[in-house]
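Read through the structure below, which is laid out as structure tokens, and then see the notes.
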Amino acid sequence: MLRNKENVEAKSVELNEFEAGFGFEIDYLKKYVDRLAEPVNEMLESLESEVASNLDSNPDLAEQIGESYFVEAAKIKSYFYNSLIVLTYTVYESSLQKLCEHIKVQTGSKLCYTQLKNSNTSEKLLIFIKLLTGVCGKSDNATYSRLREFQNLRNKVAHQNSQVQSSTEEDRHSQLNHMKIAFNRGVQDGDEEKLIINLDSGDFSINSSSLILEFIGLVENNILSISSELKETLLVVEMHT
């Protein structure tokens with residue numbers, strides 16, 4: 001935002017095109033998750049039954065394979081869900097970047113978000129928006145706090161191979177237990193957990209598409225909230241003559 005300038009005007013940011021494109025992308029992502037999750041689960045259940053049948057008819061093979069292979073095979077479903085967590089976060093960062101580009105073009109600002117010093121890309125983009133417009137993308141603390149939990153989950157999937165790494169066993173167990181509570185909200189006794197953790201190995205695996213859909217909803221709410229506030233904000237922009 002420009003201050004102490006004589007040749008300036010107040011203008012709003014036009015974001016109708018952005019919102020239409022974002023809405024299409026989010027709707028596509030939700031349908032992608034819905035339509036793939038069920039057949040993937042059915043296919044894996046069918047494969048598990050087939051493998052179990054083969055092992056029953058060949059006990060010697062089961063002994064040769066060993067328990068660790070069965071543990072790893074059980075994670076296959078989670079690889080699909082883990083990739084969707086990464087994909088959803090990519091959509092979030094991409095959408096923030098598009099917002100920044102709209103703001104930069106429409107305000108004529110020479111500042112670029114890449115000039116900001118912050119290793120967290122989404123944080124950097126939110127800072128850029130606030131610097132140029134005064135709009136804070138973290139104003140809904142509850143929603144943003146939950147969004148950050150998913151961001152941390154995504155980081156562990158993408159950068160730590162779906163593991164919790166720590167210098168002490170106590171801290172690792174603390175992190176895993178926090179994740180177990182945070183991502184199994186609403187799970188009743190007897191229900192399958194949404195996030196399965198292994199305290200011994202430090203591994204975790206996503207076990208339900210509901211977590212992906214919750215993450216998508218948080219991304220949608222955050223981006224549309226920022227866009228809505230931006231459209232109601234008058235920016236002081238330097239006029240070029």
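In the structure tokens, each chain is lettered A, B, ... as it comes, each chain's residues begin at 1, and ligands are numbered from 1 in order of appearance.
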Long-range neighbours of segment 80-82 of chain A as a VMD selection string, 8 Å cut-off, only C-alpha atoms, 2 positions minimum in chain: chain A and resid 76 to 78 84 to 86 154 157 205 to 209 212
**Contacts of Arg148 of chain A at 12 Å (only C-alpha atoms; same-chain gap of 5+ positions) as a PyMOL selection string** = chain A and resi 89+92+120+122-123+138+141-143+153-155+182+215+218-219+222
Using the chain letters and numbers from this document, which residues of segment 2-234 of chain A does DSSP assign to alpha helix (DSSP H), as number ranges by chain?
A: 16-57, 59-65, 67-73, 76-107, 121-133, 141-159, 169-182, 209-231
Written file, previous selection with C-alpha atoms, as a short mmCIF file (atom, residue, chain, number, x, y, z; two decimals), in the first residue's frame:
data_model
loop_
_atom_site.label_atom_id
_atom_site.label_comp_id
_atom_site.auth_asym_id
_atom_site.auth_seq_id
_atom_site.Cartn_x
_atom_site.Cartn_y
_atom_site.Cartn_z
CA ASN A 16 -14.12 -12.67 -10.00
CA GLU A 17 -12.06 -14.57 -12.56
CA PHE A 18 -9.78 -15.91 -9.83
CA GLU A 19 -12.72 -17.11 -7.71
CA ALA A 20 -14.36 -18.83 -10.68
CA GLY A 21 -11.15 -20.69 -11.53
CA PHE A 22 -10.46 -21.58 -7.91
CA GLY A 23 -14.00 -22.86 -7.44
CA PHE A 24 -13.66 -25.10 -10.49
CA GLU A 25 -10.30 -26.45 -9.27
CA ILE A 26 -11.58 -27.22 -5.76
CA ASP A 27 -14.73 -28.89 -7.09
CA TYR A 28 -12.60 -31.00 -9.42
CA LEU A 29 -10.32 -32.00 -6.52
CA LYS A 30 -13.25 -33.03 -4.30
CA LYS A 31 -14.74 -35.17 -7.08
CA TYR A 32 -11.32 -36.69 -7.79
CA VAL A 33 -11.02 -37.82 -4.17
CA ASP A 34 -14.61 -39.07 -3.96
CA ARG A 35 -14.49 -41.05 -7.18
CA LEU A 36 -11.09 -42.64 -6.60
CA ALA A 37 -11.24 -43.45 -2.89
CA GLU A 38 -14.01 -46.06 -3.08
CA PRO A 39 -12.64 -48.10 -6.02
CA VAL A 40 -9.12 -47.95 -4.55
CA ASN A 41 -10.38 -49.37 -1.25
CA GLU A 42 -12.38 -52.06 -3.05
CA MET A 43 -9.40 -53.00 -5.22
CA LEU A 44 -7.07 -53.28 -2.22
CA GLU A 45 -9.57 -55.40 -0.30
CA SER A 46 -9.83 -57.70 -3.31
CA LEU A 47 -6.04 -57.93 -3.62
CA GLU A 48 -5.67 -58.63 0.10
CA SER A 49 -8.16 -61.48 -0.17
CA GLU A 50 -6.34 -62.86 -3.20
CA VAL A 51 -2.95 -62.70 -1.47
CA ALA A 52 -4.37 -64.29 1.69
CA SER A 53 -5.82 -67.10 -0.41
CA ASN A 54 -2.48 -67.68 -2.13
CA LEU A 55 -0.65 -67.79 1.19
CA ASP A 56 -3.19 -70.21 2.67
CA SER A 57 -2.54 -72.59 -0.20
CA PRO A 59 2.21 -71.93 3.88
CA ASP A 60 5.90 -72.24 3.06
CA LEU A 61 5.74 -68.99 1.10
CA ALA A 62 4.15 -67.18 4.05
CA GLU A 63 7.03 -68.26 6.29
CA GLN A 64 9.61 -67.10 3.74
CA ILE A 65 8.06 -63.66 3.31
CA GLU A 67 6.08 -60.36 9.10
CA SER A 68 7.76 -57.12 7.97
CA TYR A 69 6.49 -57.56 4.41
CA PHE A 70 2.91 -57.85 5.63
CA VAL A 71 3.33 -54.66 7.65
CA GLU A 72 4.63 -52.78 4.59
CA ALA A 73 1.90 -54.17 2.34
CA ILE A 76 -0.22 -49.38 0.34
CA LYS A 77 -3.62 -47.71 0.77
CA SER A 78 -2.01 -44.91 2.76
CA TYR A 79 0.36 -44.08 -0.10
CA PHE A 80 -2.66 -43.08 -2.16
CA TYR A 81 -4.03 -40.86 0.62
CA ASN A 82 -0.61 -39.44 1.43
CA SER A 83 -0.20 -38.30 -2.16
CA LEU A 84 -3.57 -36.51 -1.96
CA ILE A 85 -2.43 -34.60 1.14
CA VAL A 86 0.58 -33.37 -0.84
CA LEU A 87 -1.61 -32.54 -3.85
CA THR A 88 -4.08 -30.54 -1.75
CA TYR A 89 -1.31 -28.48 -0.21
CA THR A 90 0.09 -27.82 -3.68
CA VAL A 91 -3.33 -26.43 -4.68
CA TYR A 92 -3.26 -24.20 -1.58
CA GLU A 93 0.16 -22.74 -2.35
CA SER A 94 -0.69 -22.34 -6.03
CA SER A 95 -3.90 -20.47 -5.17
CA LEU A 96 -2.11 -18.12 -2.79
CA GLN A 97 0.46 -17.46 -5.49
CA LYS A 98 -2.26 -16.62 -8.03
CA LEU A 99 -3.81 -14.20 -5.52
CA CYS A 100 -0.43 -12.52 -5.09
CA GLU A 101 -0.01 -12.21 -8.85
CA HIS A 102 -3.46 -10.60 -9.19
CA ILE A 103 -2.63 -8.13 -6.44
CA LYS A 104 0.78 -7.33 -7.89
CA VAL A 105 -0.58 -6.69 -11.39
CA GLN A 106 -3.57 -4.64 -10.27
CA THR A 107 -1.60 -2.50 -7.82
CA THR A 121 6.30 -20.57 1.02
CA SER A 122 2.68 -20.24 2.15
CA GLU A 123 3.70 -17.98 5.04
CA LYS A 124 5.70 -15.86 2.62
CA LEU A 125 2.69 -15.50 0.31
CA LEU A 126 0.41 -14.53 3.20
CA ILE A 127 2.93 -11.93 4.36
CA PHE A 128 3.04 -10.51 0.82
CA ILE A 129 -0.75 -10.17 0.74
CA LYS A 130 -0.79 -8.44 4.11
CA LEU A 131 2.03 -6.06 3.14
CA LEU A 132 0.27 -4.89 -0.01
CA THR A 133 -3.32 -4.91 1.19
CA ASN A 141 -7.42 -18.41 14.04
CA ALA A 142 -9.30 -21.69 14.51
CA THR A 143 -9.40 -22.48 10.79
CA TYR A 144 -5.83 -21.38 10.18
CA SER A 145 -4.55 -23.34 13.19
CA ARG A 146 -6.16 -26.50 11.79
CA LEU A 147 -4.77 -25.71 8.35
CA ARG A 148 -1.29 -25.53 9.87
CA GLU A 149 -1.78 -28.97 11.44
CA PHE A 150 -2.43 -30.36 7.98
CA GLN A 151 0.55 -28.45 6.61
CA ASN A 152 2.76 -30.10 9.23
CA LEU A 153 1.27 -33.48 8.31
CA ARG A 154 2.03 -32.78 4.66
CA ASN A 155 5.63 -31.83 5.51
CA LYS A 156 6.15 -35.13 7.33
CA VAL A 157 4.72 -37.02 4.35
CA ALA A 158 6.76 -35.13 1.76
CA HIS A 159 10.03 -34.62 3.63
CA GLU A 169 12.20 -41.10 21.94
CA GLU A 170 10.08 -39.11 24.37
CA ASP A 171 9.58 -36.23 21.95
CA ARG A 172 8.81 -38.59 19.07
CA HIS A 173 6.15 -40.37 21.11
CA SER A 174 4.73 -37.00 22.16
CA GLN A 175 4.43 -35.88 18.53
CA LEU A 176 2.87 -39.17 17.44
CA ASN A 177 0.30 -39.10 20.25
CA HIS A 178 -0.58 -35.50 19.38
CA MET A 179 -1.11 -36.50 15.74
CA LYS A 180 -3.20 -39.50 16.79
CA ILE A 181 -5.54 -37.24 18.75
CA ALA A 182 -5.57 -34.36 16.24
CA SER A 209 -10.46 -40.02 2.59
CA SER A 210 -12.33 -37.92 5.17
CA LEU A 211 -9.03 -36.34 6.23
CA ILE A 212 -8.32 -35.34 2.65
CA LEU A 213 -11.77 -33.81 2.25
CA GLU A 214 -11.40 -31.92 5.52
CA PHE A 215 -8.09 -30.50 4.31
CA ILE A 216 -9.65 -29.46 1.00
CA GLY A 217 -12.46 -27.72 2.89
CA LEU A 218 -9.98 -25.79 5.02
CA VAL A 219 -8.08 -24.68 1.92
CA GLU A 220 -11.33 -23.60 0.26
CA ASN A 221 -12.49 -21.61 3.30
CA ASN A 222 -9.15 -19.88 3.79
CA ILE A 223 -8.67 -18.85 0.16
CA LEU A 224 -12.27 -17.64 -0.30
CA SER A 225 -12.12 -15.74 2.99
CA ILE A 226 -8.98 -13.90 1.84
CA SER A 227 -10.47 -13.23 -1.60
CA SER A 228 -13.74 -11.93 -0.11
CA GLU A 229 -11.91 -9.57 2.23
CA LEU A 230 -9.66 -8.36 -0.58
CA LYS A 231 -12.68 -7.45 -2.73
#
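If you look at atom CA of Glu14 of chain A and atom CA of Cys112 of chain A, they are 19.1 Å away from each other.
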Quick one: pick out all strand (DSSP E or B) residues within segment 42-215 of chain A from a backbone DSSP run and write them as a VMD selection string. chain A and resid 163 195 to 197 203 to 206
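Considering the residues A:Gln188, A:Ser12, A:Ser162, A:Ser167 and counting only C-alpha atoms, Gly202 of chain A has its shortest atom-to-atom contact with A:Ser162.
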